[in-house]
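Worksheet for the structure shown next.
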Amino acid sequence: MSQTETVSVKAFADQKPGTSGLRKKVPVFQQPGYTEAFIQSIFDSLENYEGKTLVIGGDGRYYNREVIQIAIRMAAANGFGRVLVGQGGILSTPAASNIIRKYKAFGGIILSASHNPGGPNEDFGIKYNVSNGGPAPEKITEAIFARSKEIDRYLIADFDDVDLEELGTREAGGMTIEVIDPVADYAELMETLFDFDAIRALIRDGFKVTFDAMHAVTGPYAREILVNRLGADPKLVLNDTPLEDFGGHHPDPNLVHAKDLHDRMMSDTAPDFGAASDGDGDRNLIIGKGIFVTPSDSLAMLAANAHLAPGYKDGIAGIARSMPTSGAADRVAEKLGVEMHETPTGWKFFGNLLDAGKVTICGEESAGTGSSHVREKDGLWAVLLWLNILAARRESVKEIVEDHWATYGRTYYSRHDYEGIDTDKANRLMDELNAKLATLPGQTVADMTVVKADNFTYHDPVDGSVSKNQGIRIFFEGGARIVFRLSGTGTSGATLRVYMEFFEPEPSRHGAETQAALAGLIAAADEVARITNITGRDGPTVIT
Ligand code: G16
């Protein structure tokens, strides 16, 4: 029987979880006691887990393996009965959510900084998920933060590193440690939701699928599902070896960081369908031959066509989207006659709605879509649902998109990010905007009249909790909208996100270039928030 040590530690003041767990630079996590203090703060905020199961896994980024060993030893010392850990320390975020649910675990620790870069001086993250498989709700993340400010010791068992490569069960520190295949359970779940025969037939008939795993966690998942089970050409599954530094790139599936894929999909020799996922496998990018599908549109189109996949053949209960996501999905919900919910940014807010059976499909503008099959967004799930729809309809992505716009109207939408701006300037910009919200209605900004302006507050219809300050919204005559908020996932400086949209019902006006169509709103955003003036920037760093 190994020893359990109680180690004194000083509390760190900066362990406030953001939109999705605690994300910091690796050297911050490497400070003596820093990682341990945060993990102990998680355990100290939970109750009645003695003897129960904890799932541990991560996206394979730099420092993943070290923290997995720490988390295993601390789980033993704190009294968990069993840990399930992905082979090689790997579990995509949706796969971890599935494992928690399938094996009725108490919860899980997921090590990821998602789409942020990895490496010795890049980003790392730790997040706690609860027994429904979803990210801890605010009540728990607030308790973790409160505990982290006063913690003075952590508990750790003293035993050798666990061999993470060898599948199977062993005992250490009075606890059972099971190293599991990270892909098998997830692939099995996907087979229950989608018509693999139909997708196989589509691919056999010459439909070409390319997928960019961005040297991140989805490589092994894509190889098993797309290539081995569905027959996709292995040469078109790109960057499928997970690397600790993602090959030096940002594993962020957007038009900047997945530019090669985008350019290929716009070329004459493009495959029929292109997709990518992020560091931990929960985001998705969908591009048809010659057409990029915005995440907000993708949510609407997946919801409208979900009944074509076996897992959703009886229809969907409802749709939820984060507030900054476009209203495209609302029009689908209206037509289907199902519930529609608008939540703050952060997947954690969908958990209650999914658990209560109020919604089946959820999505965010930040390239996240998912359903009730797990409690995280799920990149490969979105890819497979698209493929299932394409297999059932036997139309191109472009035809499906244009048909959707003709039926529901088109929502022109774009997000402009100003990354790495000075935190003080970002706060000043938001403070100034907040201060003038009450006086904006009736005013004209860049030739458009404001009809309403507020700071979004969410009232959770299931548990009654209230989340304030979730983003500034400015609505204009005719239904156009601009949203301003600061990112909660960055690790240096601040990122201002500006989201713009307007609805165009008339099909003859659906062919415009997005940025040109939004030019008026882009000017209005700069005028009303004084972006150039306050930040000194003359344009965004990322446009999606
Ligand atoms: C996380 C959250 C998402 C959120 C996104 C962007 O995604 O899970 O719900 O939309 O961050 O958040 P922000 O705008 O605050 O940066 P991920 O993929 O980073 O875990």
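If you're wondering about the labels, chains in the structure tokens are A, B, ... by order shown, residues count from 1 in each chain, ligands from 1 in order shown.
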
(message) Could you go through range 23-155 of chain A and tell me which residues DSSP, when run on the backbone, assigns to strand (DSSP E), listing them as JSON, numbers by chain?
(response) {"A": [23, 24, 25, 53, 54, 55, 56, 57, 58, 82, 83, 84, 85, 86, 87, 88, 89, 90, 107, 108, 109, 110, 111, 123, 124, 125, 126, 127, 128, 129, 153, 154, 155]}

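Using only C-alpha atoms, the contacts of range 360-367 of chain A at a cut-off of 6 Å, with sequence neighbours closer than 3 positions omitted, comprise Arg283, Asn284, Pro295, Ser296, Leu299, Ile316, Ala317, Gly318, Ile319, Ala320, Arg321, Ser322, Thr325, Gly370, Ser371 and Ser372 of chain A.
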
Selection from above, all heavy atoms, as an mmCIF file, in the first residue's frame, can you write it?
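Just written: out.cif:
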```cif
data_model
loop_
_atom_site.group_PDB
_atom_site.id
_atom_site.type_symbol
_atom_site.label_atom_id
_atom_site.label_comp_id
_atom_site.auth_asym_id
_atom_site.auth_seq_id
_atom_site.Cartn_x
_atom_site.Cartn_y
_atom_site.Cartn_z
ATOM 1 N N ARG A 283 -14.743 21.135 -31.659
ATOM 2 C CA ARG A 283 -15.194 22.106 -32.664
ATOM 3 C C ARG A 283 -15.204 21.495 -34.061
ATOM 4 O O ARG A 283 -14.545 20.484 -34.293
ATOM 5 C CB ARG A 283 -14.257 23.312 -32.692
ATOM 6 C CG ARG A 283 -14.261 24.085 -31.406
ATOM 7 C CD ARG A 283 -13.397 25.322 -31.526
ATOM 8 N NE ARG A 283 -13.531 26.117 -30.310
ATOM 9 C CZ ARG A 283 -13.362 27.425 -30.246
ATOM 10 N NH1 ARG A 283 -13.021 28.096 -31.333
ATOM 11 N NH2 ARG A 283 -13.517 28.068 -29.121
ATOM 12 N N ASN A 284 -15.888 22.132 -34.976
ATOM 13 C CA ASN A 284 -15.885 21.654 -36.355
ATOM 14 C C ASN A 284 -15.872 22.806 -37.330
ATOM 15 O O ASN A 284 -16.358 23.900 -37.048
ATOM 16 C CB ASN A 284 -17.108 20.776 -36.619
ATOM 17 C CG ASN A 284 -18.396 21.594 -36.671
ATOM 18 O OD1 ASN A 284 -18.758 22.151 -37.704
ATOM 19 N ND2 ASN A 284 -19.093 21.696 -35.532
ATOM 20 N N PRO A 295 -20.703 28.432 -38.911
ATOM 21 C CA PRO A 295 -21.197 27.575 -37.826
ATOM 22 C C PRO A 295 -22.663 27.848 -37.485
ATOM 23 O O PRO A 295 -23.417 26.927 -37.189
ATOM 24 C CB PRO A 295 -20.275 27.930 -36.661
ATOM 25 C CG PRO A 295 -19.002 28.372 -37.305
ATOM 26 C CD PRO A 295 -19.428 29.083 -38.561
ATOM 27 N N SER A 296 -23.080 29.109 -37.546
ATOM 28 C CA SER A 296 -24.483 29.423 -37.229
ATOM 29 C C SER A 296 -25.420 28.813 -38.262
ATOM 30 O O SER A 296 -26.476 28.269 -37.924
ATOM 31 C CB SER A 296 -24.698 30.939 -37.202
ATOM 32 O OG SER A 296 -23.984 31.531 -36.150
ATOM 33 N N LEU A 299 -25.546 24.965 -37.813
ATOM 34 C CA LEU A 299 -26.482 24.564 -36.752
ATOM 35 C C LEU A 299 -27.906 24.492 -37.294
ATOM 36 O O LEU A 299 -28.629 23.513 -37.082
ATOM 37 C CB LEU A 299 -26.408 25.568 -35.586
ATOM 38 C CG LEU A 299 -27.509 25.446 -34.529
ATOM 39 C CD1 LEU A 299 -27.401 24.128 -33.769
ATOM 40 C CD2 LEU A 299 -27.459 26.632 -33.553
ATOM 41 N N ILE A 316 -36.643 16.341 -33.400
ATOM 42 C CA ILE A 316 -35.886 16.911 -32.280
ATOM 43 C C ILE A 316 -36.832 17.643 -31.331
ATOM 44 O O ILE A 316 -37.861 18.167 -31.760
ATOM 45 C CB ILE A 316 -34.768 17.862 -32.780
ATOM 46 C CG1 ILE A 316 -35.342 18.986 -33.664
ATOM 47 C CG2 ILE A 316 -33.700 17.084 -33.538
ATOM 48 C CD1 ILE A 316 -34.311 20.038 -34.049
ATOM 49 N N ALA A 317 -36.447 17.657 -30.044
ATOM 50 C CA ALA A 317 -37.312 18.297 -29.043
ATOM 51 C C ALA A 317 -37.198 19.817 -29.111
ATOM 52 O O ALA A 317 -38.161 20.544 -28.846
ATOM 53 C CB ALA A 317 -36.911 17.813 -27.649
ATOM 54 N N GLY A 318 -36.020 20.289 -29.461
ATOM 55 C CA GLY A 318 -35.808 21.728 -29.495
ATOM 56 C C GLY A 318 -34.371 22.016 -29.859
ATOM 57 O O GLY A 318 -33.551 21.110 -30.014
ATOM 58 N N ILE A 319 -34.086 23.322 -30.000
ATOM 59 C CA ILE A 319 -32.733 23.761 -30.372
ATOM 60 C C ILE A 319 -32.287 24.808 -29.351
ATOM 61 O O ILE A 319 -33.096 25.610 -28.889
ATOM 62 C CB ILE A 319 -32.710 24.420 -31.776
ATOM 63 C CG1 ILE A 319 -33.430 23.538 -32.820
ATOM 64 C CG2 ILE A 319 -31.291 24.719 -32.223
ATOM 65 C CD1 ILE A 319 -33.598 24.232 -34.184
ATOM 66 N N ALA A 320 -31.009 24.798 -29.017
ATOM 67 C CA ALA A 320 -30.449 25.879 -28.201
ATOM 68 C C ALA A 320 -29.230 26.439 -28.915
ATOM 69 O O ALA A 320 -28.497 25.701 -29.564
ATOM 70 C CB ALA A 320 -30.065 25.367 -26.817
ATOM 71 N N ARG A 321 -29.068 27.738 -28.775
ATOM 72 C CA ARG A 321 -27.864 28.372 -29.336
ATOM 73 C C ARG A 321 -27.365 29.403 -28.347
ATOM 74 O O ARG A 321 -28.143 29.938 -27.538
ATOM 75 C CB ARG A 321 -28.165 29.030 -30.685
ATOM 76 C CG ARG A 321 -29.162 30.168 -30.594
ATOM 77 C CD ARG A 321 -29.151 31.055 -31.825
ATOM 78 N NE ARG A 321 -30.253 32.012 -31.803
ATOM 79 C CZ ARG A 321 -30.204 33.190 -31.175
ATOM 80 N NH1 ARG A 321 -29.118 33.568 -30.528
ATOM 81 N NH2 ARG A 321 -31.253 33.999 -31.188
ATOM 82 N N SER A 322 -26.062 29.689 -28.414
ATOM 83 C CA SER A 322 -25.551 30.756 -27.552
ATOM 84 C C SER A 322 -26.025 32.093 -28.114
ATOM 85 O O SER A 322 -26.288 32.218 -29.320
ATOM 86 C CB SER A 322 -24.023 30.713 -27.477
ATOM 87 O OG SER A 322 -23.458 30.996 -28.729
ATOM 88 N N THR A 325 -24.633 33.585 -31.339
ATOM 89 C CA THR A 325 -24.868 32.791 -32.553
ATOM 90 C C THR A 325 -26.033 33.405 -33.332
ATOM 91 O O THR A 325 -26.975 33.930 -32.720
ATOM 92 C CB THR A 325 -25.194 31.334 -32.135
ATOM 93 O OG1 THR A 325 -24.108 30.860 -31.337
ATOM 94 C CG2 THR A 325 -25.395 30.422 -33.331
ATOM 95 N N GLY A 370 -23.553 20.176 -31.358
ATOM 96 C CA GLY A 370 -23.628 18.886 -30.685
ATOM 97 C C GLY A 370 -25.069 18.536 -30.412
ATOM 98 O O GLY A 370 -25.984 19.264 -30.794
ATOM 99 N N SER A 371 -25.250 17.401 -29.740
ATOM 100 C CA SER A 371 -26.625 16.983 -29.457
ATOM 101 C C SER A 371 -26.693 16.277 -28.119
ATOM 102 O O SER A 371 -25.706 16.221 -27.375
ATOM 103 C CB SER A 371 -27.155 16.086 -30.575
ATOM 104 O OG SER A 371 -26.812 14.736 -30.350
ATOM 105 N N SER A 372 -27.859 15.697 -27.864
ATOM 106 C CA SER A 372 -28.084 15.053 -26.575
ATOM 107 C C SER A 372 -27.279 13.761 -26.410
ATOM 108 O O SER A 372 -27.339 13.146 -25.365
ATOM 109 C CB SER A 372 -29.576 14.751 -26.437
ATOM 110 O OG SER A 372 -30.028 14.094 -27.612
#
```

Surroundings of ligand 1 up to 7 Å, based on only C-alpha atoms and all ligand atoms, as an mmCIF file with N, CA, C and O atoms, in the first residue's frame:
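Below is the file that was written, part_4.cif:
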```cif
data_model
loop_
_atom_site.group_PDB
_atom_site.id
_atom_site.type_symbol
_atom_site.label_atom_id
_atom_site.label_comp_id
_atom_site.auth_asym_id
_atom_site.auth_seq_id
_atom_site.Cartn_x
_atom_site.Cartn_y
_atom_site.Cartn_z
ATOM 1 N N THR A 19 -14.477 30.674 -19.685
ATOM 2 C CA THR A 19 -15.617 30.113 -20.426
ATOM 3 C C THR A 19 -15.602 28.590 -20.352
ATOM 4 O O THR A 19 -16.633 27.943 -20.304
ATOM 5 N N SER A 20 -14.412 28.007 -20.347
ATOM 6 C CA SER A 20 -14.316 26.553 -20.356
ATOM 7 C C SER A 20 -13.082 26.108 -19.567
ATOM 8 O O SER A 20 -12.060 25.773 -20.130
ATOM 9 N N ALA A 113 -6.569 22.987 -23.714
ATOM 10 C CA ALA A 113 -6.799 24.415 -23.936
ATOM 11 C C ALA A 113 -7.384 24.566 -25.329
ATOM 12 O O ALA A 113 -7.154 25.552 -26.026
ATOM 13 N N SER A 114 -8.097 23.503 -25.731
ATOM 14 C CA SER A 114 -8.905 23.533 -26.945
ATOM 15 C C SER A 114 -8.141 23.954 -28.196
ATOM 16 O O SER A 114 -7.157 23.333 -28.564
ATOM 17 N N HIS A 115 -8.582 25.063 -28.780
ATOM 18 C CA HIS A 115 -8.024 25.519 -30.052
ATOM 19 C C HIS A 115 -6.768 26.375 -29.864
ATOM 20 O O HIS A 115 -6.187 26.834 -30.829
ATOM 21 N N ASP A 282 -13.738 19.091 -30.127
ATOM 22 C CA ASP A 282 -15.146 19.453 -29.942
ATOM 23 C C ASP A 282 -15.655 20.470 -30.963
ATOM 24 O O ASP A 282 -16.856 20.640 -31.118
ATOM 25 N N ARG A 283 -14.743 21.135 -31.659
ATOM 26 C CA ARG A 283 -15.194 22.106 -32.664
ATOM 27 C C ARG A 283 -15.204 21.495 -34.061
ATOM 28 O O ARG A 283 -14.545 20.484 -34.293
ATOM 29 N N THR A 345 -22.683 32.368 -23.858
ATOM 30 C CA THR A 345 -21.585 31.612 -24.461
ATOM 31 C C THR A 345 -21.039 30.612 -23.446
ATOM 32 O O THR A 345 -20.827 30.960 -22.283
ATOM 33 N N GLY A 346 -20.799 29.402 -23.872
ATOM 34 C CA GLY A 346 -20.247 28.368 -22.977
ATOM 35 C C GLY A 346 -21.137 27.143 -23.010
ATOM 36 O O GLY A 346 -22.341 27.247 -22.738
ATOM 37 N N TRP A 347 -20.543 26.013 -23.354
ATOM 38 C CA TRP A 347 -21.360 24.799 -23.506
ATOM 39 C C TRP A 347 -22.041 24.412 -22.209
ATOM 40 O O TRP A 347 -23.077 23.758 -22.184
ATOM 41 N N GLU A 364 -23.088 26.739 -31.345
ATOM 42 C CA GLU A 364 -22.511 28.052 -31.093
ATOM 43 C C GLU A 364 -21.787 28.539 -32.327
ATOM 44 O O GLU A 364 -21.248 27.740 -33.098
ATOM 45 N N GLU A 365 -21.727 29.856 -32.434
ATOM 46 C CA GLU A 365 -21.014 30.457 -33.554
ATOM 47 C C GLU A 365 -19.535 30.104 -33.538
ATOM 48 O O GLU A 365 -18.875 30.171 -34.557
ATOM 49 N N SER A 366 -19.018 29.741 -32.359
ATOM 50 C CA SER A 366 -17.590 29.456 -32.219
ATOM 51 C C SER A 366 -17.263 28.041 -32.687
ATOM 52 O O SER A 366 -16.446 27.355 -32.085
ATOM 53 N N LEU A 486 -16.163 40.139 -24.408
ATOM 54 C CA LEU A 486 -14.750 39.791 -24.294
ATOM 55 C C LEU A 486 -14.646 38.277 -24.161
ATOM 56 O O LEU A 486 -15.433 37.659 -23.440
ATOM 57 N N SER A 487 -13.682 37.701 -24.854
ATOM 58 C CA SER A 487 -13.498 36.251 -24.801
ATOM 59 C C SER A 487 -13.147 35.809 -23.386
ATOM 60 O O SER A 487 -12.461 36.513 -22.654
ATOM 61 N N GLY A 488 -13.621 34.620 -23.036
ATOM 62 C CA GLY A 488 -13.278 34.049 -21.726
ATOM 63 C C GLY A 488 -12.357 32.856 -21.862
ATOM 64 O O GLY A 488 -12.270 32.030 -20.962
ATOM 65 N N THR A 489 -11.665 32.730 -22.999
ATOM 66 C CA THR A 489 -10.793 31.559 -23.184
ATOM 67 C C THR A 489 -9.338 31.923 -23.460
ATOM 68 O O THR A 489 -8.512 31.038 -23.607
ATOM 69 N N GLY A 490 -9.039 33.195 -23.576
ATOM 70 C CA GLY A 490 -7.667 33.593 -23.924
ATOM 71 C C GLY A 490 -6.726 33.452 -22.736
ATOM 72 O O GLY A 490 -7.163 33.286 -21.594
#
```

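The environment of range 201-207 of chain A within 7 Å, counting only C-alpha atoms and disregarding residues fewer than 6 places along the same chain, consists of Gly231, Ala232, Asp272 and Ala391 of chain A.
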
Could you save the residues just selected, with C-alpha atoms, as an mmCIF file, in the first residue's frame?
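Listed below is the output, part-v5.cif:
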```
data_model
loop_
_atom_site.group_PDB
_atom_site.id
_atom_site.type_symbol
_atom_site.label_atom_id
_atom_site.label_comp_id
_atom_site.auth_asym_id
_atom_site.auth_seq_id
_atom_site.Cartn_x
_atom_site.Cartn_y
_atom_site.Cartn_z
ATOM 1 C CA GLY A 231 -13.977 3.883 -46.507
ATOM 2 C CA ALA A 232 -12.707 7.450 -46.965
ATOM 3 C CA ASP A 272 -16.838 17.269 -52.338
ATOM 4 C CA ALA A 391 -25.825 10.550 -48.227
#
```

12 Å contact set for Asn427 in chain A, only C-alpha atoms, chain neighbours under 3 positions out, as a PDB file with C-alpha atoms, in the first residue's frame:
```
ATOM      1  CA  ILE A 421      -5.459  43.896 -26.957  1.00  0.00           C
ATOM      2  CA  ASP A 422      -4.535  45.590 -23.743  1.00  0.00           C
ATOM      3  CA  THR A 423      -6.885  44.406 -20.964  1.00  0.00           C
ATOM      4  CA  ASP A 424      -7.423  47.940 -19.632  1.00  0.00           C
ATOM      5  CA  MET A 430     -16.935  47.615 -22.647  1.00  0.00           C
ATOM      6  CA  ASP A 431     -17.482  50.008 -19.718  1.00  0.00           C
ATOM      7  CA  GLU A 432     -18.146  52.931 -22.064  1.00  0.00           C
ATOM      8  CA  LEU A 433     -20.608  50.866 -24.070  1.00  0.00           C
ATOM      9  CA  ASN A 434     -22.387  49.657 -20.960  1.00  0.00           C
ATOM     10  CA  PHE A 484     -19.884  42.832 -28.189  1.00  0.00           C
ATOM     11  CA  ARG A 485     -18.190  40.623 -25.620  1.00  0.00           C
ATOM     12  CA  LEU A 486     -14.750  39.791 -24.294  1.00  0.00           C
ATOM     13  CA  SER A 487     -13.498  36.251 -24.801  1.00  0.00           C
ATOM     14  CA  GLY A 493      -4.292  40.217 -22.932  1.00  0.00           C
ATOM     15  CA  ALA A 494      -7.928  40.471 -23.960  1.00  0.00           C
ATOM     16  CA  THR A 495      -9.816  39.474 -27.079  1.00  0.00           C
ATOM     17  CA  LEU A 496     -12.740  41.616 -28.142  1.00  0.00           C
ATOM     18  CA  ALA A 529     -17.893  51.167 -29.583  1.00  0.00           C
ATOM     19  CA  ILE A 531     -12.967  50.312 -31.478  1.00  0.00           C
ATOM     20  CA  ILE A 534      -9.734  52.976 -28.030  1.00  0.00           C
ATOM     21  CA  THR A 535      -7.716  49.939 -29.172  1.00  0.00           C
TER      22      THR A 535
END
```

(message) Please list as an MDAnalysis selection string every residue within 10 Å of Thr294 in chain A, counting only C-alpha atoms and excluding residues in the same chain fewer than 6 positions away.
(response) chainID A and resid 254 285:287 300 326 365:367 412:414 544

Can you write out the residues you just picked, keeping C-alpha atoms, as a tab-separated table (two decimals), in the first residue's frame?
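Saved as result.tsv:
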```
chain	number	residue	atom	x	y	z
A	254	ASN	CA	-11.36	28.58	-38.72
A	285	LEU	CA	-15.31	23.46	-39.63
A	286	ILE	CA	-17.52	22.51	-42.57
A	287	ILE	CA	-16.70	23.51	-46.14
A	300	ALA	CA	-29.67	25.60	-38.56
A	326	SER	CA	-27.04	33.99	-35.44
A	365	GLU	CA	-21.01	30.46	-33.55
A	366	SER	CA	-17.59	29.46	-32.22
A	367	ALA	CA	-17.62	26.32	-34.40
A	412	TYR	CA	-25.63	37.22	-43.18
A	413	TYR	CA	-23.27	36.82	-40.25
A	414	SER	CA	-19.66	37.41	-39.28
A	544	THR	CA	-14.87	34.32	-39.30
```

(request) Give the alpha helix (DSSP H) residues of range 11-98 of chain A, as assigned by DSSP on the backbone, as a ChimeraX atom specification. (result) /A:26-29,34-44,64-77,93-98

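When the distance limit is 12 Å and only C-alpha atoms are what count, the residues near Gly536 in chain A, minus those fewer than 4 positions from it on the same chain, are Tyr418, Ile421, Asp422, Lys425, Ala426, Leu429, Asp526, Arg530, Ile531, Thr532 and Pro540 of chain A.
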
May I have the selected residues written with N, CA, C and O atoms, as a compact mmCIF listing (two decimals), in the first residue's frame?
```
# COMPACT_ATOMS: atom_id res chain seq x y z
N TYR A 418 -10.61 40.96 -32.21
CA TYR A 418 -9.43 41.82 -31.98
C TYR A 418 -8.65 41.14 -30.87
O TYR A 418 -8.99 41.28 -29.70
N ILE A 421 -5.44 42.47 -27.27
CA ILE A 421 -5.46 43.90 -26.96
C ILE A 421 -5.26 44.08 -25.46
O ILE A 421 -5.48 43.17 -24.66
N ASP A 422 -4.80 45.25 -25.12
CA ASP A 422 -4.54 45.59 -23.74
C ASP A 422 -5.82 45.42 -22.90
O ASP A 422 -6.88 45.90 -23.28
N LYS A 425 -7.68 48.57 -21.95
CA LYS A 425 -8.40 49.21 -23.06
C LYS A 425 -9.68 48.43 -23.37
O LYS A 425 -10.74 49.02 -23.64
N ALA A 426 -9.58 47.11 -23.33
CA ALA A 426 -10.77 46.29 -23.61
C ALA A 426 -11.84 46.56 -22.57
O ALA A 426 -13.03 46.73 -22.90
N LEU A 429 -13.46 49.95 -23.17
CA LEU A 429 -14.40 49.92 -24.29
C LEU A 429 -15.75 49.34 -23.83
O LEU A 429 -16.81 49.91 -24.11
N ASP A 526 -17.84 49.96 -35.23
CA ASP A 526 -16.67 50.79 -34.92
C ASP A 526 -17.10 52.14 -34.35
O ASP A 526 -16.52 52.62 -33.39
N ARG A 530 -16.31 52.70 -30.59
CA ARG A 530 -15.03 53.42 -30.73
C ARG A 530 -13.85 52.43 -30.71
O ARG A 530 -12.86 52.63 -30.00
N ILE A 531 -13.97 51.38 -31.52
CA ILE A 531 -12.97 50.31 -31.48
C ILE A 531 -11.59 50.83 -31.92
O ILE A 531 -10.59 50.67 -31.22
N THR A 532 -11.56 51.48 -33.08
CA THR A 532 -10.28 51.97 -33.60
C THR A 532 -9.68 52.97 -32.62
O THR A 532 -8.49 52.91 -32.28
N PRO A 540 -9.75 43.95 -37.46
CA PRO A 540 -9.69 42.73 -36.63
C PRO A 540 -8.51 41.85 -37.01
O PRO A 540 -7.98 41.96 -38.12
```

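The list of residues with at least one atom within 10 Å of Tyr49 in chain A, based on only C-alpha atoms and without residues fewer than 4 positions apart in the same chain, reads Phe43, Thr53, Leu54, Asn78, Gly79, Phe80, Gly81, Ala105, Phe106 and Gly107 of chain A.
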
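Considering the residues A:Glu178, A:Glu501, A:Asp245, A:Asp185 and counting only C-alpha atoms, Asn121 in chain A has its shortest atom-to-atom contact with A:Asp245.
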
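Computed from the coordinates, the CA of Arg65 in chain A to CA of Val162 in chain A distance equals 10.1 Å.
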
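When only C-alpha atoms are used to measure the gap to Arg393 in chain A, the shortest distance among A:Leu437, A:Ile199, A:Leu243, A:Ile99 belongs to A:Ile199.
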
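Of the listed residues (A:Arg229, A:Lys436, A:Lys289, A:Lys452), A:Lys289 comes nearest to Ile400 in chain A; the distances count only C-alpha atoms.
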
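In this model, the gap between CA of Ala276 in chain A and CA of Asp195 in chain A comes to 20.9 Å.
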
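Using only C-alpha atoms for every distance, the candidate list A:Leu226, A:Val293, A:Arg410, A:Gly168 yields A:Arg410 as the residue closest to Val332 in chain A.
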